[in-house]
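Data from entry_36.cif: mmCIF, C-alpha atoms
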```cif
data_data
loop_
_atom_site.label_atom_id
_atom_site.label_comp_id
_atom_site.auth_asym_id
_atom_site.auth_seq_id
_atom_site.Cartn_x
_atom_site.Cartn_y
_atom_site.Cartn_z
CA MET N 156 0.00 0.00 0.00
CA TYR N 157 2.86 2.37 0.84
CA SER N 158 6.42 2.24 -0.49
CA GLU N 159 9.17 0.88 1.73
CA ALA N 160 10.74 4.35 1.73
CA ALA N 161 7.50 5.91 3.00
CA ILE N 162 7.16 3.22 5.68
CA HIS N 163 10.75 3.82 6.77
CA ALA N 164 10.06 7.56 7.02
CA ALA N 165 6.94 6.94 9.08
CA LEU N 166 8.75 4.63 11.50
CA ASN N 167 11.49 7.24 11.91
CA ALA N 168 8.98 9.98 12.63
CA LEU N 169 6.86 8.10 15.15
CA ARG N 170 7.66 8.04 18.86
CA PHE N 171 6.99 4.70 20.48
CA ASP N 172 6.72 4.52 24.28
CA HIS N 173 9.11 2.68 26.63
CA ASN N 174 7.26 -0.56 25.79
CA GLY N 175 7.76 0.09 22.08
CA LEU N 176 4.08 0.88 21.59
CA ILE N 177 2.00 3.73 20.20
CA PRO N 178 -1.78 4.17 20.66
CA ALA N 179 -3.91 3.93 17.52
CA ILE N 180 -7.46 5.20 17.14
CA ALA N 181 -9.54 3.40 14.51
CA GLN N 182 -12.26 5.53 12.94
CA ASP N 183 -14.80 4.47 10.31
CA ALA N 184 -13.73 6.34 7.19
CA ASP N 185 -17.30 6.87 6.01
CA SER N 186 -19.45 7.42 9.10
CA GLY N 187 -16.80 8.99 11.32
CA LEU N 188 -17.68 6.57 14.14
CA VAL N 189 -14.74 6.05 16.48
CA LEU N 190 -14.45 2.26 16.58
CA MET N 191 -11.72 1.44 19.08
CA LEU N 192 -8.40 2.39 20.64
CA ALA N 193 -5.64 -0.20 20.40
CA TRP N 194 -1.85 -0.30 20.36
CA MET N 195 0.78 -0.89 17.69
CA ASN N 196 4.47 -1.70 17.76
CA ARG N 197 6.90 -1.07 14.89
CA GLU N 198 6.09 -4.44 13.34
CA ALA N 199 2.33 -3.80 13.44
CA VAL N 200 2.76 -0.37 11.83
CA THR N 201 5.00 -1.85 9.15
CA GLU N 202 2.65 -4.70 8.25
CA THR N 203 -0.39 -2.40 8.28
CA LEU N 204 1.25 0.11 5.93
CA ARG N 205 2.60 -2.63 3.68
CA THR N 206 -0.61 -4.64 3.32
CA GLY N 207 -3.41 -2.15 4.02
CA GLN N 208 -4.93 -4.64 6.49
CA VAL N 209 -4.84 -3.30 10.04
CA VAL N 210 -2.62 -5.16 12.50
CA TYR N 211 -2.35 -4.21 16.19
CA TRP N 212 -0.22 -5.41 19.08
CA SER N 213 -2.23 -7.28 21.68
CA ARG N 214 -0.94 -6.29 25.12
CA SER N 215 -2.90 -9.12 26.78
CA ARG N 216 -1.62 -11.82 24.43
CA ASN N 217 1.79 -10.22 23.81
CA ALA N 218 1.48 -10.95 20.13
CA LEU N 219 0.63 -9.34 16.80
CA TRP N 220 -3.12 -9.06 16.44
CA ARG N 221 -4.27 -9.22 12.84
CA LYS N 222 -7.65 -7.58 13.41
CA GLY N 223 -10.38 -9.97 12.31
CA GLU N 224 -8.19 -13.08 12.16
CA THR N 225 -10.67 -14.94 14.36
CA SER N 226 -13.81 -12.75 14.19
CA GLY N 227 -13.70 -12.02 10.45
CA GLN N 228 -14.16 -8.35 11.38
CA THR N 229 -11.13 -7.05 9.52
CA GLN N 230 -10.20 -3.40 9.00
CA THR N 231 -8.94 -2.08 5.67
CA LEU N 232 -6.76 1.01 5.93
CA VAL N 233 -8.05 4.08 4.09
CA ASP N 234 -5.92 6.85 5.61
CA PHE N 235 -2.99 6.82 8.04
CA ARG N 236 -2.53 9.90 10.20
CA PHE N 237 -0.42 10.85 13.19
CA ASP N 238 -0.46 13.77 15.54
CA CYS N 239 1.67 16.85 16.22
CA ASP N 240 3.63 15.01 18.92
CA GLU N 241 4.15 11.96 16.69
CA ASP N 242 3.00 9.77 19.58
CA ALA N 243 -0.54 8.81 18.55
CA LEU N 244 -2.06 7.37 15.37
CA LEU N 245 -5.42 7.85 13.69
CA LEU N 246 -6.38 5.07 11.28
CA LYS N 247 -9.33 5.74 9.02
CA VAL N 248 -10.62 2.33 8.06
CA HIS N 249 -13.34 0.35 6.38
CA GLN N 250 -14.68 -2.09 8.93
CA THR N 251 -15.58 -5.28 7.11
CA GLY N 252 -17.22 -8.48 8.27
CA THR N 253 -19.97 -10.92 7.42
CA GLY N 254 -23.40 -9.52 8.27
CA ALA N 255 -23.23 -6.58 10.66
CA HIS N 256 -20.00 -4.67 11.15
CA ALA N 257 -18.78 -4.93 14.71
CA ALA N 258 -15.35 -3.63 15.64
CA CYS N 259 -16.01 -4.61 19.28
CA HIS N 260 -15.59 -8.15 20.59
CA THR N 261 -18.99 -7.74 22.31
CA GLY N 262 -20.62 -7.55 18.87
CA ARG N 263 -21.16 -3.80 19.01
CA ALA N 264 -20.29 -1.43 16.16
CA SER N 265 -17.89 0.52 18.38
CA CYS N 266 -16.02 -0.39 21.55
CA PHE N 267 -17.04 3.02 22.95
CA SER N 268 -20.57 1.89 23.76
CA TRP N 269 -20.59 2.62 27.50
CA GLY N 270 -21.36 5.83 29.33
CA ILE N 271 -22.79 7.21 32.53
CA GLY N 272 -26.28 8.35 33.35
CA ALA N 273 -28.16 9.36 36.45
CA GLU N 274 -28.05 5.74 37.61
CA GLY N 275 -24.32 5.38 37.08
CA VAL N 276 -22.56 3.30 34.44
CA MET N 277 -24.74 2.12 31.56
CA VAL N 278 -24.43 0.44 28.19
CA ILE N 279 -25.62 2.76 25.45
CA ASP N 280 -25.22 1.08 22.07
CA PRO N 281 -26.85 -2.20 21.04
CA VAL N 282 -25.27 -5.52 20.05
CA MET N 283 -25.23 -5.75 16.25
CA ILE N 284 -24.16 -9.37 16.02
CA ASP N 285 -24.13 -12.20 18.57
CA PRO N 286 -20.51 -12.52 19.81
CA SER N 287 -20.89 -16.31 19.68
CA ARG N 288 -21.17 -15.93 15.90
CA LEU N 289 -17.94 -13.90 15.84
CA TYR N 290 -15.85 -16.43 17.78
CA THR N 291 -16.85 -19.93 16.80
CA MET K 179 -22.88 18.20 34.76
CA TYR K 180 -23.07 14.72 36.29
CA SER K 181 -24.10 13.80 39.83
CA GLU K 182 -21.43 12.90 42.36
CA ALA K 183 -22.88 9.36 42.44
CA ALA K 184 -22.50 9.00 38.69
CA ILE K 185 -18.94 10.35 38.83
CA HIS K 186 -18.10 7.89 41.60
CA ALA K 187 -19.52 5.02 39.52
CA ALA K 188 -17.47 6.10 36.51
CA LEU K 189 -14.24 6.30 38.52
CA ASN K 190 -14.93 2.83 39.92
CA ALA K 191 -15.53 1.37 36.47
CA LEU K 192 -12.50 2.89 34.74
CA ARG K 193 -9.12 1.19 34.73
CA PHE K 194 -6.23 3.62 35.04
CA ASP K 195 -2.74 2.44 34.06
CA HIS K 196 0.25 2.04 36.43
CA ASN K 197 0.82 5.80 36.15
CA GLY K 198 -2.77 6.46 37.13
CA LEU K 199 -3.67 7.59 33.61
CA ILE K 200 -6.21 6.67 30.96
CA PRO K 201 -6.08 7.76 27.29
CA ALA K 202 -8.89 10.06 26.12
CA ILE K 203 -9.87 10.69 22.51
CA ALA K 204 -11.53 14.06 21.87
CA GLN K 205 -13.94 14.07 18.93
CA ASP K 206 -15.91 17.03 17.58
CA ALA K 207 -19.51 16.20 18.50
CA ASP K 208 -20.90 17.78 15.33
CA SER K 209 -18.42 17.05 12.53
CA GLY K 210 -17.01 13.79 13.88
CA LEU K 211 -13.47 15.10 13.39
CA VAL K 212 -11.04 13.38 15.76
CA LEU K 213 -9.32 16.31 17.42
CA MET K 214 -6.63 14.86 19.69
CA LEU K 215 -5.53 12.07 21.99
CA ALA K 216 -4.55 13.09 25.50
CA TRP K 217 -4.44 11.57 28.96
CA MET K 218 -6.52 11.93 32.11
CA ASN K 219 -5.99 10.97 35.74
CA ARG K 220 -8.79 10.51 38.29
CA GLU K 221 -8.74 14.20 39.16
CA ALA K 222 -9.04 15.25 35.50
CA VAL K 223 -11.96 12.85 34.94
CA THR K 224 -13.67 14.13 38.08
CA GLU K 225 -13.31 17.81 37.22
CA THR K 226 -14.37 17.22 33.60
CA LEU K 227 -17.52 15.35 34.63
CA ARG K 228 -18.32 17.86 37.36
CA THR K 229 -17.89 21.02 35.30
CA GLY K 230 -18.41 19.91 31.70
CA GLN K 231 -15.18 21.68 30.74
CA VAL K 232 -12.54 19.20 29.57
CA VAL K 233 -9.46 18.84 31.76
CA TYR K 234 -6.53 16.56 30.87
CA TRP K 235 -3.35 15.54 32.64
CA SER K 236 -0.25 16.94 30.99
CA ARG K 237 2.45 14.27 31.05
CA SER K 238 5.11 16.81 30.01
CA ARG K 239 4.19 19.36 32.67
CA ASN K 240 3.04 16.81 35.28
CA ALA K 241 0.03 18.94 36.04
CA LEU K 242 -3.67 19.25 35.36
CA TRP K 243 -4.23 20.77 31.95
CA ARG K 244 -7.44 22.74 31.71
CA LYS K 245 -7.74 22.65 27.94
CA GLY K 246 -7.79 26.19 26.60
CA GLU K 247 -6.52 27.85 29.78
CA THR K 248 -3.80 29.64 27.79
CA SER K 249 -4.98 29.26 24.16
CA GLY K 250 -8.66 29.99 24.77
CA GLN K 251 -9.43 26.84 22.77
CA THR K 252 -11.58 25.18 25.41
CA GLN K 253 -13.58 21.99 24.99
CA THR K 254 -17.12 21.61 26.32
CA LEU K 255 -18.15 18.05 27.06
CA VAL K 256 -21.19 16.78 25.14
CA ASP K 257 -20.93 13.02 25.68
CA PHE K 258 -18.65 10.86 27.83
CA ARG K 259 -18.00 7.33 26.62
CA PHE K 260 -15.66 4.50 27.55
CA ASP K 261 -14.80 1.24 25.91
CA CYS K 262 -15.46 -2.45 26.54
CA ASP K 263 -12.16 -2.82 28.44
CA GLU K 264 -12.85 0.31 30.52
CA ASP K 265 -9.34 1.52 29.70
CA ALA K 266 -9.96 4.21 27.09
CA LEU K 267 -12.25 7.25 26.93
CA LEU K 268 -14.07 8.94 24.07
CA LEU K 269 -15.07 12.54 24.75
CA LYS K 270 -17.49 14.10 22.32
CA VAL K 271 -16.92 17.83 22.64
CA HIS K 272 -17.66 21.24 21.29
CA GLN K 273 -14.35 22.86 20.46
CA THR K 274 -14.63 26.55 21.21
CA GLY K 275 -12.27 29.45 20.70
CA THR K 276 -12.06 32.94 19.33
CA GLY K 277 -11.99 32.95 15.54
CA ALA K 278 -11.11 29.57 14.08
CA HIS K 279 -11.37 26.44 16.17
CA ALA K 280 -8.03 24.78 16.62
CA ALA K 281 -7.64 21.89 19.04
CA CYS K 282 -3.97 21.61 18.05
CA HIS K 283 -1.24 23.84 19.49
CA THR K 284 0.03 24.31 15.91
CA GLY K 285 -3.21 26.15 15.09
CA ARG K 286 -4.72 23.25 13.15
CA ALA K 287 -8.28 22.01 13.66
CA SER K 288 -7.03 18.54 14.62
CA CYS K 289 -3.73 17.28 15.98
CA PHE K 290 -3.96 14.41 13.46
CA SER K 291 -2.86 16.55 10.54
CA TRP K 292 0.20 14.55 9.46
CA GLY K 293 0.46 11.56 7.18
CA ILE K 294 2.71 9.85 4.70
CA GLY K 295 2.85 10.09 0.94
CA ALA K 296 5.19 8.92 -1.80
CA GLU K 297 7.79 11.41 -0.57
CA GLY K 298 7.54 10.29 3.04
CA VAL K 299 6.12 12.22 5.97
CA MET K 300 3.96 15.21 5.05
CA VAL K 301 1.66 17.73 6.68
CA ILE K 302 -1.85 17.38 5.30
CA ASP K 303 -4.17 19.85 7.00
CA PRO K 304 -3.72 23.62 7.00
CA VAL K 305 -3.15 26.03 9.87
CA MET K 306 -6.47 27.66 10.79
CA ILE K 307 -5.09 30.23 13.18
CA ASP K 308 -1.59 31.58 13.73
CA PRO K 309 -0.21 29.83 16.84
CA SER K 310 1.30 33.14 18.00
CA ARG K 311 -2.28 34.37 18.37
CA LEU K 312 -3.12 31.34 20.54
CA TYR K 313 -0.22 31.80 22.94
CA THR K 314 0.38 35.46 23.55
#
```

Could you show the structure in this file as structure tokens?
Amino acid sequence: MYSEAAIHAALNALRFDHNGLIPAIAQDADSGLVLMLAWMNREAVTETLRTGQVVYWSRSRNALWRKGETSGQTQTLVDFRFDCDEDALLLKVHQTGTGAHAACHTGRASCFSWGIGAEGVMVIDPVMIDPSRLYT
Amino acid sequence: MYSEAAIHAALNALRFDHNGLIPAIAQDADSGLVLMLAWMNREAVTETLRTGQVVYWSRSRNALWRKGETSGQTQTLVDFRFDCDEDALLLKVHQTGTGAHAACHTGRASCFSWGIGAEGVMVIDPVMIDPSRLYT
């Protein structure tokens, strides 16, 4: 998707933290919905820019996380942005998947589906697809 | 803006990292533009939810950062969301300021104004307001 020279320039510009990670916001390129916040290391950035398929670093599994590899809910990169401090990424993506699109492992369109109301913490957005159908 | 009970419930639900911080995405509530990624501690979350004026924690200054206190580019909270892992926040805000709205200290609407092209790293979005007018 990007040339090796461009990828090299991006890696040089970005500032990874002391764990070698940088936070990445995924945003639906069409609707503007903020889908999730995840983390990338240099390898995840490289593979994402090379292939156009979004790859994160799973901090819980300590492994590359090719988004959708088990759920089928992959993310195709549309635009790659970073911020003025070079320490955060914004990925504009097309969320793809069979049936409903659900970036969240709970089957919701976005991971940011919780909020607070008068009663305290509450879930706001509905399940789009049964999680048991995502992870079979 | 929120009751003390609701704020207490939110603080209980959220998972702050080993530095006591949680990443917060600010998104323009009307346009959907992702403005910035910053960090909050418990005090910043509390003050933001209490007053409706967004307050971050500045990691470089090690101090509360009342967004806009020097630039005038304040953020009014419209919606407070968190994700399925309770370790990231999404703040839908109204960006306010005299003249153009610029969440970024470089005078750009969004901090995510950089990307990569064939030639390598490039700035993509224009300056909306001279930074010297933001910090006088």

Kindly assemble as JSON lines a list of the chain N residues that lie within 10 Å of chain K, each paired with its nearest atom pair and their distance in Å to one decimal, using only C-alpha atoms, sorted first by chain and then by ascending residue number.
```
{"residue": "N:Tyr157", "atom": "CA", "partner": "K:Ala296", "partner_atom": "CA", "distance": 7.4}
{"residue": "N:Ser158", "atom": "CA", "partner": "K:Ala296", "partner_atom": "CA", "distance": 6.9}
{"residue": "N:Glu159", "atom": "CA", "partner": "K:Gly298", "partner_atom": "CA", "distance": 9.6}
{"residue": "N:Ala160", "atom": "CA", "partner": "K:Gly298", "partner_atom": "CA", "distance": 6.9}
{"residue": "N:Ala161", "atom": "CA", "partner": "K:Gly298", "partner_atom": "CA", "distance": 4.4}
{"residue": "N:Ile162", "atom": "CA", "partner": "K:Gly298", "partner_atom": "CA", "distance": 7.6}
{"residue": "N:His163", "atom": "CA", "partner": "K:Gly298", "partner_atom": "CA", "distance": 8.1}
{"residue": "N:Ala164", "atom": "CA", "partner": "K:Gly298", "partner_atom": "CA", "distance": 5.4}
{"residue": "N:Ala165", "atom": "CA", "partner": "K:Val299", "partner_atom": "CA", "distance": 6.2}
{"residue": "N:Leu166", "atom": "CA", "partner": "K:Val299", "partner_atom": "CA", "distance": 9.8}
{"residue": "N:Asn167", "atom": "CA", "partner": "K:Val299", "partner_atom": "CA", "distance": 9.4}
{"residue": "N:Ala168", "atom": "CA", "partner": "K:Val299", "partner_atom": "CA", "distance": 7.6}
{"residue": "N:Pro178", "atom": "CA", "partner": "K:Pro201", "partner_atom": "CA", "distance": 8.7}
{"residue": "N:Ala179", "atom": "CA", "partner": "K:Leu215", "partner_atom": "CA", "distance": 9.4}
{"residue": "N:Ile180", "atom": "CA", "partner": "K:Ile203", "partner_atom": "CA", "distance": 8.0}
{"residue": "N:Gln182", "atom": "CA", "partner": "K:Val212", "partner_atom": "CA", "distance": 8.4}
{"residue": "N:Ser186", "atom": "CA", "partner": "K:Gly210", "partner_atom": "CA", "distance": 8.3}
{"residue": "N:Gly187", "atom": "CA", "partner": "K:Gly210", "partner_atom": "CA", "distance": 5.4}
{"residue": "N:Leu188", "atom": "CA", "partner": "K:Gly210", "partner_atom": "CA", "distance": 7.3}
{"residue": "N:Val189", "atom": "CA", "partner": "K:Leu268", "partner_atom": "CA", "distance": 8.1}
{"residue": "N:Leu190", "atom": "CA", "partner": "K:Asp261", "partner_atom": "CA", "distance": 9.4}
{"residue": "N:Met191", "atom": "CA", "partner": "K:Asp261", "partner_atom": "CA", "distance": 7.5}
{"residue": "N:Leu192", "atom": "CA", "partner": "K:Ala266", "partner_atom": "CA", "distance": 6.9}
{"residue": "N:Ala193", "atom": "CA", "partner": "K:Ala266", "partner_atom": "CA", "distance": 9.1}
{"residue": "N:Leu204", "atom": "CA", "partner": "K:Ile294", "partner_atom": "CA", "distance": 9.9}
{"residue": "N:Asp234", "atom": "CA", "partner": "K:Gly293", "partner_atom": "CA", "distance": 8.1}
{"residue": "N:Phe235", "atom": "CA", "partner": "K:Gly293", "partner_atom": "CA", "distance": 5.9}
{"residue": "N:Arg236", "atom": "CA", "partner": "K:Gly293", "partner_atom": "CA", "distance": 4.6}
{"residue": "N:Phe237", "atom": "CA", "partner": "K:Phe290", "partner_atom": "CA", "distance": 5.0}
{"residue": "N:Asp238", "atom": "CA", "partner": "K:Phe290", "partner_atom": "CA", "distance": 4.1}
{"residue": "N:Cys239", "atom": "CA", "partner": "K:Cys289", "partner_atom": "CA", "distance": 5.4}
{"residue": "N:Asp240", "atom": "CA", "partner": "K:Cys289", "partner_atom": "CA", "distance": 8.2}
{"residue": "N:Glu241", "atom": "CA", "partner": "K:Trp292", "partner_atom": "CA", "distance": 8.6}
{"residue": "N:Asp242", "atom": "CA", "partner": "K:Leu215", "partner_atom": "CA", "distance": 9.2}
{"residue": "N:Ala243", "atom": "CA", "partner": "K:Leu215", "partner_atom": "CA", "distance": 6.9}
{"residue": "N:Leu244", "atom": "CA", "partner": "K:Phe290", "partner_atom": "CA", "distance": 7.5}
{"residue": "N:Leu245", "atom": "CA", "partner": "K:Phe290", "partner_atom": "CA", "distance": 6.7}
{"residue": "N:Leu246", "atom": "CA", "partner": "K:Phe290", "partner_atom": "CA", "distance": 9.9}
{"residue": "N:Cys259", "atom": "CA", "partner": "K:Cys262", "partner_atom": "CA", "distance": 7.6}
{"residue": "N:His260", "atom": "CA", "partner": "K:Cys262", "partner_atom": "CA", "distance": 8.2}
{"residue": "N:Thr261", "atom": "CA", "partner": "K:Cys262", "partner_atom": "CA", "distance": 7.6}
{"residue": "N:Arg263", "atom": "CA", "partner": "K:Cys262", "partner_atom": "CA", "distance": 9.5}
{"residue": "N:Ser265", "atom": "CA", "partner": "K:Asp261", "partner_atom": "CA", "distance": 8.2}
{"residue": "N:Cys266", "atom": "CA", "partner": "K:Asp261", "partner_atom": "CA", "distance": 4.8}
{"residue": "N:Phe267", "atom": "CA", "partner": "K:Asp261", "partner_atom": "CA", "distance": 4.1}
{"residue": "N:Ser268", "atom": "CA", "partner": "K:Asp261", "partner_atom": "CA", "distance": 6.2}
{"residue": "N:Trp269", "atom": "CA", "partner": "K:Phe260", "partner_atom": "CA", "distance": 5.3}
{"residue": "N:Gly270", "atom": "CA", "partner": "K:Arg259", "partner_atom": "CA", "distance": 4.6}
{"residue": "N:Ile271", "atom": "CA", "partner": "K:Ala184", "partner_atom": "CA", "distance": 6.4}
{"residue": "N:Gly272", "atom": "CA", "partner": "K:Ala184", "partner_atom": "CA", "distance": 6.6}
{"residue": "N:Ala273", "atom": "CA", "partner": "K:Ala184", "partner_atom": "CA", "distance": 6.1}
{"residue": "N:Glu274", "atom": "CA", "partner": "K:Ala184", "partner_atom": "CA", "distance": 6.5}
{"residue": "N:Gly275", "atom": "CA", "partner": "K:Ala184", "partner_atom": "CA", "distance": 4.4}
{"residue": "N:Val276", "atom": "CA", "partner": "K:Ala187", "partner_atom": "CA", "distance": 6.2}
{"residue": "N:Met277", "atom": "CA", "partner": "K:Ala188", "partner_atom": "CA", "distance": 9.7}
{"residue": "N:Val278", "atom": "CA", "partner": "K:Arg259", "partner_atom": "CA", "distance": 9.6}
{"residue": "N:Ile279", "atom": "CA", "partner": "K:Arg259", "partner_atom": "CA", "distance": 9.0}
```

Prev. selection, C-alpha atoms, output as a PDB file, in the frame of the given file:
```pdb
ATOM      1  CA  TYR N 157       2.860   2.370   0.840  1.00  0.00           C
ATOM      2  CA  SER N 158       6.420   2.240  -0.490  1.00  0.00           C
ATOM      3  CA  GLU N 159       9.170   0.880   1.730  1.00  0.00           C
ATOM      4  CA  ALA N 160      10.740   4.350   1.730  1.00  0.00           C
ATOM      5  CA  ALA N 161       7.500   5.910   3.000  1.00  0.00           C
ATOM      6  CA  ILE N 162       7.160   3.220   5.680  1.00  0.00           C
ATOM      7  CA  HIS N 163      10.750   3.820   6.770  1.00  0.00           C
ATOM      8  CA  ALA N 164      10.060   7.560   7.020  1.00  0.00           C
ATOM      9  CA  ALA N 165       6.940   6.940   9.080  1.00  0.00           C
ATOM     10  CA  LEU N 166       8.750   4.630  11.500  1.00  0.00           C
ATOM     11  CA  ASN N 167      11.490   7.240  11.910  1.00  0.00           C
ATOM     12  CA  ALA N 168       8.980   9.980  12.630  1.00  0.00           C
ATOM     13  CA  PRO N 178      -1.780   4.170  20.660  1.00  0.00           C
ATOM     14  CA  ALA N 179      -3.910   3.930  17.520  1.00  0.00           C
ATOM     15  CA  ILE N 180      -7.460   5.200  17.140  1.00  0.00           C
ATOM     16  CA  GLN N 182     -12.260   5.530  12.940  1.00  0.00           C
ATOM     17  CA  SER N 186     -19.450   7.420   9.100  1.00  0.00           C
ATOM     18  CA  GLY N 187     -16.800   8.990  11.320  1.00  0.00           C
ATOM     19  CA  LEU N 188     -17.680   6.570  14.140  1.00  0.00           C
ATOM     20  CA  VAL N 189     -14.740   6.050  16.480  1.00  0.00           C
ATOM     21  CA  LEU N 190     -14.450   2.260  16.580  1.00  0.00           C
ATOM     22  CA  MET N 191     -11.720   1.440  19.080  1.00  0.00           C
ATOM     23  CA  LEU N 192      -8.400   2.390  20.640  1.00  0.00           C
ATOM     24  CA  ALA N 193      -5.640  -0.200  20.400  1.00  0.00           C
ATOM     25  CA  LEU N 204       1.250   0.110   5.930  1.00  0.00           C
ATOM     26  CA  ASP N 234      -5.920   6.850   5.610  1.00  0.00           C
ATOM     27  CA  PHE N 235      -2.990   6.820   8.040  1.00  0.00           C
ATOM     28  CA  ARG N 236      -2.530   9.900  10.200  1.00  0.00           C
ATOM     29  CA  PHE N 237      -0.420  10.850  13.190  1.00  0.00           C
ATOM     30  CA  ASP N 238      -0.460  13.770  15.540  1.00  0.00           C
ATOM     31  CA  CYS N 239       1.670  16.850  16.220  1.00  0.00           C
ATOM     32  CA  ASP N 240       3.630  15.010  18.920  1.00  0.00           C
ATOM     33  CA  GLU N 241       4.150  11.960  16.690  1.00  0.00           C
ATOM     34  CA  ASP N 242       3.000   9.770  19.580  1.00  0.00           C
ATOM     35  CA  ALA N 243      -0.540   8.810  18.550  1.00  0.00           C
ATOM     36  CA  LEU N 244      -2.060   7.370  15.370  1.00  0.00           C
ATOM     37  CA  LEU N 245      -5.420   7.850  13.690  1.00  0.00           C
ATOM     38  CA  LEU N 246      -6.380   5.070  11.280  1.00  0.00           C
ATOM     39  CA  CYS N 259     -16.010  -4.610  19.280  1.00  0.00           C
ATOM     40  CA  HIS N 260     -15.590  -8.150  20.590  1.00  0.00           C
ATOM     41  CA  THR N 261     -18.990  -7.740  22.310  1.00  0.00           C
ATOM     42  CA  ARG N 263     -21.160  -3.800  19.010  1.00  0.00           C
ATOM     43  CA  SER N 265     -17.890   0.520  18.380  1.00  0.00           C
ATOM     44  CA  CYS N 266     -16.020  -0.390  21.550  1.00  0.00           C
ATOM     45  CA  PHE N 267     -17.040   3.020  22.950  1.00  0.00           C
ATOM     46  CA  SER N 268     -20.570   1.890  23.760  1.00  0.00           C
ATOM     47  CA  TRP N 269     -20.590   2.620  27.500  1.00  0.00           C
ATOM     48  CA  GLY N 270     -21.360   5.830  29.330  1.00  0.00           C
ATOM     49  CA  ILE N 271     -22.790   7.210  32.530  1.00  0.00           C
ATOM     50  CA  GLY N 272     -26.280   8.350  33.350  1.00  0.00           C
ATOM     51  CA  ALA N 273     -28.160   9.360  36.450  1.00  0.00           C
ATOM     52  CA  GLU N 274     -28.050   5.740  37.610  1.00  0.00           C
ATOM     53  CA  GLY N 275     -24.320   5.380  37.080  1.00  0.00           C
ATOM     54  CA  VAL N 276     -22.560   3.300  34.440  1.00  0.00           C
ATOM     55  CA  MET N 277     -24.740   2.120  31.560  1.00  0.00           C
ATOM     56  CA  VAL N 278     -24.430   0.440  28.190  1.00  0.00           C
ATOM     57  CA  ILE N 279     -25.620   2.760  25.450  1.00  0.00           C
TER      58      ILE N 279
END
```

Any chance you could work out the residue set of the PyMOL selection byres ((chain N and resi 228) around 8) here, as a PyMOL selection string? chain N and resi 222-224+226-227+229-230+250-253+256-258

Find the residues near stretch 231-233 of chain N: any atom within 8 Å, counting all atoms listed in the file, skip ones fewer than 6 places away on the same chain, and give them as an mmCIF file with C-alpha atoms, in the coordinates of the input.
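Output (part_4.cif):
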```
data_model
loop_
_atom_site.group_PDB
_atom_site.id
_atom_site.type_symbol
_atom_site.label_atom_id
_atom_site.label_comp_id
_atom_site.auth_asym_id
_atom_site.auth_seq_id
_atom_site.Cartn_x
_atom_site.Cartn_y
_atom_site.Cartn_z
ATOM 1 C CA ALA N 184 -13.730 6.340 7.190
ATOM 2 C CA THR N 203 -0.390 -2.400 8.280
ATOM 3 C CA GLY N 207 -3.410 -2.150 4.020
ATOM 4 C CA GLN N 208 -4.930 -4.640 6.490
ATOM 5 C CA VAL N 209 -4.840 -3.300 10.040
ATOM 6 C CA LEU N 246 -6.380 5.070 11.280
ATOM 7 C CA LYS N 247 -9.330 5.740 9.020
ATOM 8 C CA VAL N 248 -10.620 2.330 8.060
ATOM 9 C CA HIS N 249 -13.340 0.350 6.380
ATOM 10 C CA GLN N 250 -14.680 -2.090 8.930
ATOM 11 C CA THR N 251 -15.580 -5.280 7.110
#
```

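Taking atom CA of K:Ser236 as the reference point, atom CA of K:Pro309 is found at 19.1 Å.
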
Please return as a ChimeraX atom specification every residue within 6 Å of (-3.4, 18.6, 30.9), taking into account all atoms listed in the file and the file's own coordinates. /K:234-236,242-244

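Of note, atom CA of K:Met218 and atom CA of K:Leu192 are spaced 11.2 Å apart.
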
Around all the atoms of stretch 224-239 of chain N listed in the file, draw an axis-aligned box and extend it by 4 Å on each of the six sides; I want its centre and edge lengths in Å to one decimal, as JSON.
```
{"center_x": -6.2, "center_y": 1.0, "center_z": 10.2, "size_x": 23.8, "size_y": 39.8, "size_z": 20.1}
```

Given the PyMOL selection byres ((chain N and resi 196) around 6) and the file above, list the residues it selects as a list in words. Gly175, Leu176, Met195, Arg197, Glu198 and Ala199 of chain N

Could you write out that same residue set with C-alpha atoms as a PDB file, keeping the file's coordinate frame?
```
ATOM      1  CA  GLY N 175       7.760   0.090  22.080  1.00  0.00           C
ATOM      2  CA  LEU N 176       4.080   0.880  21.590  1.00  0.00           C
ATOM      3  CA  MET N 195       0.780  -0.890  17.690  1.00  0.00           C
ATOM      4  CA  ARG N 197       6.900  -1.070  14.890  1.00  0.00           C
ATOM      5  CA  GLU N 198       6.090  -4.440  13.340  1.00  0.00           C
ATOM      6  CA  ALA N 199       2.330  -3.800  13.440  1.00  0.00           C
TER       7      ALA N 199
END
```

Using atom CA of N:Met156 and atom CA of N:Thr206 as the two end points, give the distance in Å to one decimal. 5.7 Å
